[in-house]
>>> print(open('data-v4.tsv').read())   # TSV, N, CA and C atoms
chain	number	residue	atom	x	y	z
P	147	MET	N	-36.15	81.33	52.00
P	147	MET	CA	-35.61	82.54	51.41
P	147	MET	C	-36.67	83.63	51.31
P	148	VAL	N	-37.88	83.23	50.95
P	148	VAL	CA	-38.96	84.20	50.83
P	148	VAL	C	-39.30	84.76	52.21
P	149	ASN	N	-39.31	83.89	53.23
P	149	ASN	CA	-39.60	84.36	54.58
P	149	ASN	C	-38.54	85.35	55.08
P	150	LYS	N	-37.28	85.11	54.73
P	150	LYS	CA	-36.20	86.00	55.15
P	150	LYS	C	-36.36	87.36	54.49
P	151	LYS	N	-36.69	87.40	53.19
P	151	LYS	CA	-36.91	88.67	52.49
P	151	LYS	C	-38.12	89.39	53.06
P	152	ARG	N	-39.18	88.64	53.34
P	152	ARG	CA	-40.38	89.23	53.90
P	152	ARG	C	-40.07	89.82	55.28
P	153	TYR	N	-39.30	89.09	56.10
P	153	TYR	CA	-38.92	89.55	57.43
P	153	TYR	C	-38.11	90.84	57.33
P	154	LEU	N	-37.12	90.91	56.41
P	154	LEU	CA	-36.31	92.11	56.23
P	154	LEU	C	-37.15	93.28	55.74
P	155	LEU	N	-38.08	93.03	54.84
P	155	LEU	CA	-38.95	94.08	54.32
P	155	LEU	C	-39.84	94.63	55.44
P	156	ILE	N	-40.43	93.76	56.23
P	156	ILE	CA	-41.29	94.20	57.34
P	156	ILE	C	-40.48	94.97	58.37
P	157	THR	N	-39.28	94.50	58.68
P	157	THR	CA	-38.41	95.19	59.64
P	157	THR	C	-38.03	96.57	59.12
P	158	ALA	N	-37.67	96.65	57.84
P	158	ALA	CA	-37.28	97.94	57.26
P	158	ALA	C	-38.45	98.91	57.27
P	159	LEU	N	-39.65	98.43	56.91
P	159	LEU	CA	-40.84	99.28	56.93
P	159	LEU	C	-41.16	99.74	58.36
P	160	ALA	N	-41.05	98.86	59.32
P	160	ALA	CA	-41.32	99.21	60.71
P	160	ALA	C	-40.36	100.29	61.19
P	161	LEU	N	-39.09	100.13	60.86
P	161	LEU	CA	-38.10	101.14	61.25
P	161	LEU	C	-38.38	102.48	60.58
P	162	LEU	N	-38.77	102.44	59.33
P	162	LEU	CA	-39.10	103.65	58.60
P	162	LEU	C	-40.29	104.36	59.22
P	163	ILE	N	-41.30	103.61	59.57
P	163	ILE	CA	-42.50	104.19	60.20
P	163	ILE	C	-42.16	104.76	61.56
P	164	ILE	N	-41.41	104.02	62.38
P	164	ILE	CA	-41.05	104.50	63.71
P	164	ILE	C	-40.21	105.76	63.62
P	165	THR	N	-39.24	105.76	62.73
P	165	THR	CA	-38.39	106.93	62.57
P	165	THR	C	-39.18	108.12	62.04
P	166	GLY	N	-40.03	107.89	61.08
P	166	GLY	CA	-40.84	108.96	60.51
P	166	GLY	C	-41.81	109.55	61.51
P	167	CYS	N	-42.38	108.73	62.36
P	167	CYS	CA	-43.35	109.21	63.34
P	167	CYS	C	-42.70	109.95	64.50
P	168	SER	N	-41.44	109.66	64.75
P	168	SER	CA	-40.79	110.31	65.88
P	168	SER	C	-40.04	111.57	65.49
P	169	ALA	N	-39.93	111.85	64.20
P	169	ALA	CA	-39.23	113.05	63.75
P	169	ALA	C	-40.03	114.28	64.14
P	170	LYS	N	-39.33	115.38	64.41
P	170	LYS	CA	-39.98	116.61	64.82
P	170	LYS	C	-40.08	117.61	63.68
P	171	GLY	N	-40.16	117.14	62.50
P	171	GLY	CA	-40.33	118.02	61.35
P	171	GLY	C	-39.11	118.89	61.13
P	172	ASP	N	-39.36	120.17	60.84
P	172	ASP	CA	-38.29	121.10	60.53
P	172	ASP	C	-37.88	121.93	61.75
P	173	GLU	N	-38.18	121.46	62.94
P	173	GLU	CA	-37.84	122.19	64.15
P	173	GLU	C	-36.33	122.24	64.31
P	174	VAL	N	-35.80	123.45	64.52
P	174	VAL	CA	-34.37	123.64	64.69
P	174	VAL	C	-34.15	124.37	66.00
P	175	THR	N	-33.24	123.86	66.80
P	175	THR	CA	-32.89	124.51	68.06
P	175	THR	C	-31.49	125.08	67.91
P	176	GLU	N	-31.38	126.38	68.14
P	176	GLU	CA	-30.09	127.03	68.03
P	176	GLU	C	-29.64	127.46	69.42
P	177	VAL	N	-28.44	127.10	69.78
P	177	VAL	CA	-27.89	127.47	71.08
P	177	VAL	C	-26.66	128.32	70.83
P	178	SER	N	-26.72	129.57	71.28
P	178	SER	CA	-25.59	130.46	71.03
P	178	SER	C	-24.72	130.63	72.27
P	179	GLY	N	-25.18	130.23	73.44
P	179	GLY	CA	-24.38	130.36	74.65
P	179	GLY	C	-24.69	131.62	75.42
P	180	GLU	N	-24.44	132.76	74.86
P	180	GLU	CA	-24.68	134.01	75.56
P	180	GLU	C	-25.75	134.82	74.85
P	181	ILE	N	-26.44	135.62	75.65
P	181	ILE	CA	-27.35	136.59	75.06
P	181	ILE	C	-26.75	137.97	75.27
P	182	ASP	N	-27.15	138.92	74.46
P	182	ASP	CA	-26.52	140.23	74.54
P	182	ASP	C	-27.39	141.21	75.32
P	183	ALA	N	-26.86	142.41	75.52
P	183	ALA	CA	-27.54	143.44	76.30
P	183	ALA	C	-28.89	143.79	75.68
P	184	GLU	N	-28.97	143.80	74.37
P	184	GLU	CA	-30.22	144.14	73.70
P	184	GLU	C	-31.33	143.16	74.08
P	185	GLU	N	-31.00	141.87	74.14
P	185	GLU	CA	-32.00	140.86	74.50
P	185	GLU	C	-32.44	141.01	75.96
P	186	VAL	N	-31.48	141.22	76.86
P	186	VAL	CA	-31.81	141.36	78.28
P	186	VAL	C	-32.65	142.61	78.50
P	187	LEU	N	-32.23	143.74	77.94
P	187	LEU	CA	-32.95	144.99	78.14
P	187	LEU	C	-34.28	145.00	77.38
P	188	GLY	N	-34.39	144.19	76.33
P	188	GLY	CA	-35.67	144.06	75.64
P	188	GLY	C	-36.71	143.38	76.52
P	189	LEU	N	-36.26	142.41	77.34
P	189	LEU	CA	-37.16	141.72	78.26
P	189	LEU	C	-37.43	142.55	79.51
P	190	ASP	N	-36.43	143.31	79.96
P	190	ASP	CA	-36.57	144.13	81.17
P	190	ASP	C	-35.77	145.42	80.98
P	191	PRO	N	-36.43	146.49	80.52
P	191	PRO	CA	-35.72	147.74	80.26
P	191	PRO	C	-35.05	148.34	81.49
P	192	ASP	N	-35.47	147.95	82.70
P	192	ASP	CA	-34.88	148.47	83.93
P	192	ASP	C	-33.80	147.56	84.50
P	193	ALA	N	-33.41	146.53	83.77
P	193	ALA	CA	-32.41	145.58	84.27
P	193	ALA	C	-31.10	146.29	84.57
P	194	ASP	N	-30.45	145.90	85.66
P	194	ASP	CA	-29.15	146.41	86.06
P	194	ASP	C	-28.13	145.39	85.57
P	195	ILE	N	-27.37	145.74	84.52
P	195	ILE	CA	-26.47	144.78	83.87
P	195	ILE	C	-25.09	145.37	83.64
P	196	PHE	N	-24.14	144.49	83.40
P	196	PHE	CA	-22.83	144.88	82.87
P	196	PHE	C	-22.31	143.72	82.04
P	197	GLN	N	-21.31	144.02	81.21
P	197	GLN	CA	-20.70	142.98	80.37
P	197	GLN	C	-19.29	142.73	80.85
P	198	PHE	N	-18.92	141.43	80.94
P	198	PHE	CA	-17.57	141.05	81.34
P	198	PHE	C	-17.19	139.81	80.55
P	199	GLU	N	-16.06	139.88	79.86
P	199	GLU	CA	-15.56	138.79	79.02
P	199	GLU	C	-16.63	138.26	78.07
P	200	GLY	N	-17.36	139.18	77.45
P	200	GLY	CA	-18.35	138.84	76.44
P	200	GLY	C	-19.67	138.34	76.97
P	201	VAL	N	-19.83	138.27	78.29
P	201	VAL	CA	-21.06	137.76	78.91
P	201	VAL	C	-21.76	138.88	79.64
P	202	ILE	N	-23.09	138.93	79.51
P	202	ILE	CA	-23.90	139.91	80.24
P	202	ILE	C	-24.22	139.33	81.62
P	203	TYR	N	-24.05	140.14	82.65
P	203	TYR	CA	-24.36	139.78	84.03
P	203	TYR	C	-25.47	140.70	84.52
P	204	GLN	N	-26.41	140.13	85.29
P	204	GLN	CA	-27.56	140.89	85.77
P	204	GLN	C	-27.74	140.67	87.27
P	205	THR	N	-28.14	141.74	87.97
P	205	THR	CA	-28.40	141.66	89.40
P	205	THR	C	-29.90	141.77	89.69
P	206	ASN	N	-30.24	141.77	90.96
P	206	ASN	CA	-31.63	141.84	91.43
P	206	ASN	C	-32.42	140.61	91.00
P	207	ILE	N	-31.79	139.46	91.10
P	207	ILE	CA	-32.44	138.18	90.85
P	207	ILE	C	-32.60	137.53	92.23
P	208	ASP	N	-33.85	137.34	92.64
P	208	ASP	CA	-34.16	136.94	94.02
P	208	ASP	C	-33.32	135.77	94.53
P	209	TRP	N	-33.31	134.65	93.80
P	209	TRP	CA	-32.62	133.47	94.31
P	209	TRP	C	-31.12	133.68	94.39
P	210	VAL	N	-30.57	134.53	93.52
P	210	VAL	CA	-29.14	134.83	93.56
P	210	VAL	C	-28.83	135.71	94.76
P	211	ASP	N	-29.69	136.69	95.04
P	211	ASP	CA	-29.49	137.58	96.18
P	211	ASP	C	-29.54	136.83	97.51
P	212	GLU	N	-30.21	135.71	97.54
P	212	GLU	CA	-30.32	134.93	98.77
P	212	GLU	C	-29.12	134.03	99.04
P	213	LEU	N	-28.23	133.86	98.06
P	213	LEU	CA	-27.07	133.00	98.23
P	213	LEU	C	-26.03	133.64	99.15
P	214	ALA	N	-25.39	132.82	99.96
P	214	ALA	CA	-24.28	133.28	100.79
P	214	ALA	C	-23.01	133.08	99.98
P	215	LEU	N	-22.49	134.15	99.41
P	215	LEU	CA	-21.31	134.08	98.55
P	215	LEU	C	-20.14	134.83	99.17
P	216	THR	N	-18.94	134.36	98.86
P	216	THR	CA	-17.73	134.97	99.38
P	216	THR	C	-16.96	135.60	98.23
P	217	LYS	N	-16.61	136.86	98.40
P	217	LYS	CA	-15.82	137.58	97.42
P	217	LYS	C	-14.44	136.93	97.33
P	218	ASP	N	-13.98	136.68	96.10
P	218	ASP	CA	-12.67	136.06	95.89
P	218	ASP	C	-11.74	137.13	95.32
P	219	VAL	N	-11.10	136.88	94.19
P	219	VAL	CA	-10.13	137.81	93.63
P	219	VAL	C	-10.79	138.83	92.71
P	220	GLN	N	-10.22	140.02	92.66
P	220	GLN	CA	-10.73	141.04	91.75
P	220	GLN	C	-10.36	140.66	90.33
P	221	VAL	N	-11.36	140.66	89.44
P	221	VAL	CA	-11.12	140.27	88.05
P	221	VAL	C	-11.28	141.44	87.09
P	222	GLY	N	-11.79	142.56	87.58
P	222	GLY	CA	-11.97	143.72	86.71
P	222	GLY	C	-12.65	144.85	87.45
P	223	GLU	N	-13.04	145.88	86.69
P	223	GLU	CA	-13.81	146.98	87.25
P	223	GLU	C	-14.60	147.66	86.14
P	224	ILE	N	-15.66	148.32	86.53
P	224	ILE	CA	-16.49	149.02	85.54
P	224	ILE	C	-15.71	150.24	85.05
P	225	LYS	N	-15.54	150.31	83.73
P	225	LYS	CA	-14.75	151.39	83.15
P	225	LYS	C	-15.60	152.42	82.41
P	226	THR	N	-16.77	151.99	81.91
P	226	THR	CA	-17.63	152.93	81.18
P	226	THR	C	-19.10	152.66	81.49
P	227	ILE	N	-19.90	153.68	81.28
P	227	ILE	CA	-21.35	153.59	81.49
P	227	ILE	C	-22.04	153.72	80.14
P	228	ASN	N	-23.09	152.94	79.95
P	228	ASN	CA	-23.87	153.00	78.71
P	228	ASN	C	-25.35	153.03	79.10
P	229	GLU	N	-25.92	154.20	79.17
P	229	GLU	CA	-27.34	154.34	79.49
P	229	GLU	C	-28.17	154.60	78.23
P	230	ALA	N	-27.49	154.82	77.09
P	230	ALA	CA	-28.17	155.29	75.90
P	230	ALA	C	-28.63	154.18	74.95
P	231	ASN	N	-27.86	153.07	74.88
P	231	ASN	CA	-28.22	152.05	73.90
P	231	ASN	C	-27.83	150.67	74.41
P	232	THR	N	-27.92	149.69	73.55
P	232	THR	CA	-27.67	148.31	73.96
P	232	THR	C	-26.37	147.75	73.37
P	233	ASP	N	-25.51	148.62	72.87
P	233	ASP	CA	-24.22	148.20	72.32
P	233	ASP	C	-23.19	148.20	73.45
P	234	PHE	N	-23.04	147.05	74.12
P	234	PHE	CA	-22.16	146.95	75.28
P	234	PHE	C	-20.81	146.36	74.91
P	235	LYS	N	-19.80	146.77	75.65
P	235	LYS	CA	-18.45	146.24	75.55
P	235	LYS	C	-18.05	145.74	76.94
P	236	ASP	N	-16.97	144.99	77.04
P	236	ASP	CA	-16.51	144.48	78.33
P	236	ASP	C	-16.25	145.61	79.32
P	237	GLU	N	-16.59	145.35	80.58
P	237	GLU	CA	-16.44	146.27	81.70
P	237	GLU	C	-17.27	147.54	81.50
P	238	MET	N	-18.42	147.39	80.84
P	238	MET	CA	-19.37	148.48	80.63
P	238	MET	C	-20.67	148.10	81.34
P	239	ALA	N	-21.28	149.08	82.03
P	239	ALA	CA	-22.52	148.86	82.77
P	239	ALA	C	-23.53	149.93	82.40
P	240	ASN	N	-24.79	149.66	82.76
P	240	ASN	CA	-25.81	150.68	82.51
P	240	ASN	C	-26.21	151.41	83.80
P	241	LYS	N	-25.93	150.83	84.98
P	241	LYS	CA	-26.34	151.48	86.22
P	241	LYS	C	-25.21	151.60	87.25
P	242	LEU	N	-24.22	150.74	87.18
P	242	LEU	CA	-23.10	150.80	88.13
P	242	LEU	C	-22.22	152.01	87.83
P	243	LYS	N	-21.58	152.52	88.88
P	243	LYS	CA	-20.68	153.65	88.70
P	243	LYS	C	-19.32	153.17	88.19
P	244	VAL	N	-18.66	154.04	87.41
P	244	VAL	CA	-17.30	153.76	86.97
P	244	VAL	C	-16.44	153.58	88.22
P	245	GLY	N	-15.59	152.57	88.20
P	245	GLY	CA	-14.73	152.29	89.34
P	245	GLY	C	-15.26	151.18	90.23
P	246	SER	N	-16.51	150.76	90.03
P	246	SER	CA	-17.04	149.63	90.80
P	246	SER	C	-16.17	148.42	90.51
P	247	LYS	N	-15.76	147.71	91.56
P	247	LYS	CA	-14.83	146.59	91.41
P	247	LYS	C	-15.59	145.27	91.21
P	248	ILE	N	-15.08	144.44	90.30
P	248	ILE	CA	-15.70	143.16	89.97
P	248	ILE	C	-14.84	142.04	90.54
P	249	PHE	N	-15.47	141.15	91.33
P	249	PHE	CA	-14.78	140.04	91.95
P	249	PHE	C	-15.42	138.72	91.54
P	250	SER	N	-14.61	137.67	91.51
P	250	SER	CA	-15.17	136.33	91.34
P	250	SER	C	-15.79	135.92	92.68
P	251	ALA	N	-16.67	134.93	92.62
P	251	ALA	CA	-17.26	134.36	93.83
P	251	ALA	C	-16.62	133.00	94.08
P	252	LYS	N	-16.22	132.73	95.32
P	252	LYS	CA	-15.55	131.46	95.63
P	252	LYS	C	-16.46	130.27	95.35
P	253	GLU	N	-17.75	130.43	95.59
P	253	GLU	CA	-18.68	129.30	95.54
P	253	GLU	C	-19.23	129.00	94.15
P	254	ARG	N	-19.25	129.97	93.26
P	254	ARG	CA	-19.88	129.78	91.95
P	254	ARG	C	-19.10	130.49	90.86
P	255	LYS	N	-19.04	129.85	89.70
P	255	LYS	CA	-18.35	130.44	88.55
P	255	LYS	C	-19.27	131.33	87.71
P	256	ASP	N	-20.59	131.16	87.86
P	256	ASP	CA	-21.54	131.91	87.03
P	256	ASP	C	-22.04	133.19	87.70
P	257	ILE	N	-21.46	133.54	88.84
P	257	ILE	CA	-21.85	134.76	89.54
P	257	ILE	C	-20.60	135.59	89.82
P	258	LEU	N	-20.71	136.89	89.56
P	258	LEU	CA	-19.65	137.83	89.92
P	258	LEU	C	-20.20	138.75	91.01
P	259	ILE	N	-19.31	139.20	91.87
P	259	ILE	CA	-19.69	140.10	92.96
P	259	ILE	C	-19.11	141.47	92.65
P	260	VAL	N	-19.96	142.48	92.69
P	260	VAL	CA	-19.52	143.85	92.43
P	260	VAL	C	-19.55	144.62	93.75
P	261	GLU	N	-18.47	145.37	93.98
P	261	GLU	CA	-18.38	146.17	95.20
P	261	GLU	C	-18.19	147.62	94.84
P	262	ASN	N	-18.98	148.48	95.49
P	262	ASN	CA	-18.79	149.92	95.38
P	262	ASN	C	-19.21	150.55	96.71
P	263	GLU	N	-19.30	151.86	96.74
P	263	GLU	CA	-19.62	152.55	98.00
P	263	GLU	C	-21.01	152.21	98.55
P	264	LEU	N	-21.86	151.61	97.73
P	264	LEU	CA	-23.21	151.23	98.18
P	264	LEU	C	-23.26	149.82	98.76
P	265	GLY	N	-22.20	149.03	98.56
P	265	GLY	CA	-22.17	147.68	99.12
P	265	GLY	C	-21.72	146.64	98.11
P	266	LEU	N	-22.13	145.39	98.39
P	266	LEU	CA	-21.82	144.24	97.52
P	266	LEU	C	-23.08	143.81	96.79
P	267	PHE	N	-22.93	143.48	95.51
P	267	PHE	CA	-24.06	143.07	94.68
P	267	PHE	C	-23.68	141.80	93.90
P	268	HIS	N	-24.61	140.87	93.83
P	268	HIS	CA	-24.39	139.60	93.11
P	268	HIS	C	-24.96	139.72	91.71
P	269	TYR	N	-24.16	139.40	90.70
P	269	TYR	CA	-24.58	139.46	89.30
P	269	TYR	C	-24.45	138.06	88.69
P	270	LEU	N	-25.54	137.58	88.12
P	270	LEU	CA	-25.59	136.27	87.49
P	270	LEU	C	-25.29	136.37	86.00
P	271	ALA	N	-24.47	135.47	85.49
P	271	ALA	CA	-24.22	135.39	84.04
P	271	ALA	C	-25.51	134.99	83.35
P	272	ILE	N	-25.92	135.74	82.35
P	272	ILE	CA	-27.14	135.45	81.61
P	272	ILE	C	-26.76	134.73	80.32
P	273	VAL	N	-27.02	133.45	80.29
P	273	VAL	CA	-26.68	132.63	79.13
P	273	VAL	C	-27.88	131.80	78.72
P	274	GLU	N	-27.89	131.42	77.46
P	274	GLU	CA	-28.94	130.54	76.95
P	274	GLU	C	-28.49	129.10	77.12
P	275	GLY	N	-29.46	128.23	77.34
P	275	GLY	CA	-29.11	126.81	77.52
P	275	GLY	C	-29.42	126.00	76.33
>>> encode(input="data-v4.tsv", output="structure tokens")
Amino acid sequence: MVNKKRYLLITALALLIITGCSAKGDEVTEVSGEIDAEEVLGLDPDADIFQFEGVIYQTNIDWVDELALTKDVQVGEIKTINEANTDFKDEMANKLKVGSKIFSAKERKDILIVENELGLFHYLAIVEG
């Protein structure tokens, strides 16, 4: 009986020590899903962005520009321009012209294709992981 109690005590202490040593203190990781225009423009004031369905999309990302993507269905268009501040609403851009058409990409859900008189542009959804 004494050996069984001693074994349980040692096991409990070992688990306590292992758990205590592997804890990361008060570290908290917060995942919000999307970042806003203020965060993107804070990192790159010259970023070419627009907002669609609550998500900020950004172009001129090398690896995205290299993808062979096919324009699918039109999902929206740029309706307003915001060059003055970081308070963005859906279908608002800081550099695209009003009337630029927004299409889904057949190959990827996280990229939208924008078409205007200057050509086709790939915009990546900017989200936190």
>>> residues_around(input="data-v4.tsv", residues="range 208-213 of chain P", least_positions_apart="4", cutoff="8 Å", atoms="all atoms listed in the file", output="compact mmCIF listing (two decimals) with N, CA and C atoms, in the frame of the given file")
# COMPACT_ATOMS: atom_id res chain seq x y z
N PHE P 267 -22.93 143.48 95.51
CA PHE P 267 -24.06 143.07 94.68
C PHE P 267 -23.68 141.80 93.90
N HIS P 268 -24.61 140.87 93.83
CA HIS P 268 -24.39 139.60 93.11
C HIS P 268 -24.96 139.72 91.71
N TYR P 269 -24.16 139.40 90.70
CA TYR P 269 -24.58 139.46 89.30
C TYR P 269 -24.45 138.06 88.69
N LEU P 270 -25.54 137.58 88.12
CA LEU P 270 -25.59 136.27 87.49
C LEU P 270 -25.29 136.37 86.00
>>> closest_residue(input="data-v4.tsv", among="P:Ala230, P:Lys241, P:Ala271, P:Leu215", to="Ile257 in chain P", atoms="only N, CA and C atoms")
P:Ala271
>>> residues_around(input="data-v4.tsv", residues="Asp236 in chain P", least_positions_apart="2", cutoff="6 Å", atoms="all atoms listed in the file", output="PyMOL selection string")
chain P and resi 197-200+234+238
>>> closest_residue(input="data-v4.tsv", among="P:Ile202, P:Ile181, P:Lys243, P:Ser250", to="Asn262 in chain P", atoms="only N, CA and C atoms")
P:Lys243
>>> closest_residue(input="data-v4.tsv", among="P:Phe249, P:Ile272, P:Ile224, P:Ile207", to="Glu237 in chain P", atoms="all atoms listed in the file")
P:Ile224
>>> atom_distance(input="data-v4.tsv", atom1="CA of Leu187 in chain P", atom2="CA of Thr232 in chain P")
7.5 Å
>>> select_by_dssp(input="data-v4.tsv", residues="range 172-231 of chain P", states="strand (DSSP E)", output="ChimeraX atom specification")
/P:195-198,201-204,217-223,226-227
>>> closest_residue(input="data-v4.tsv", among="P:Glu253, P:Lys235, P:Lys247, P:Glu185", to="Gln220 in chain P", atoms="all atoms listed in the file")
P:Lys247
>>> select_by_dssp(input="data-v4.tsv", residues="range 198-269 of chain P", states="alpha helix (DSSP H)", output="JSON list (two decimals) with N, CA and C atoms, in the coordinates of the input")
[["chain", "number", "residue", "atom", "x", "y", "z"],
["P", 208, "ASP", "N", -33.85, 137.34, 92.64],
["P", 208, "ASP", "CA", -34.16, 136.94, 94.02],
["P", 208, "ASP", "C", -33.32, 135.77, 94.53],
["P", 209, "TRP", "N", -33.31, 134.65, 93.80],
["P", 209, "TRP", "CA", -32.62, 133.47, 94.31],
["P", 209, "TRP", "C", -31.12, 133.68, 94.39],
["P", 210, "VAL", "N", -30.57, 134.53, 93.52],
["P", 210, "VAL", "CA", -29.14, 134.83, 93.56],
["P", 210, "VAL", "C", -28.83, 135.71, 94.76],
["P", 211, "ASP", "N", -29.69, 136.69, 95.04],
["P", 211, "ASP", "CA", -29.49, 137.58, 96.18],
["P", 211, "ASP", "C", -29.54, 136.83, 97.51]]
>>> atom_distance(input="data-v4.tsv", atom1="CA of Ala193 in chain P", atom2="CA of Lys217 in chain P")
22.6 Å
>>> atom_distance(input="data-v4.tsv", atom1="CA of Asp182 in chain P", atom2="CA of Val201 in chain P")
7.4 Å
>>> axis_aligned_box(input="data-v4.tsv", around="range 184-194 of chain P", padding_each_side="4 Å", output="lines of an AutoDock Vina configuration file")
center_x = -32.8
center_y = 144.7
center_z = 79.9
size_x = 17.3
size_y = 15.6
size_z = 20.4
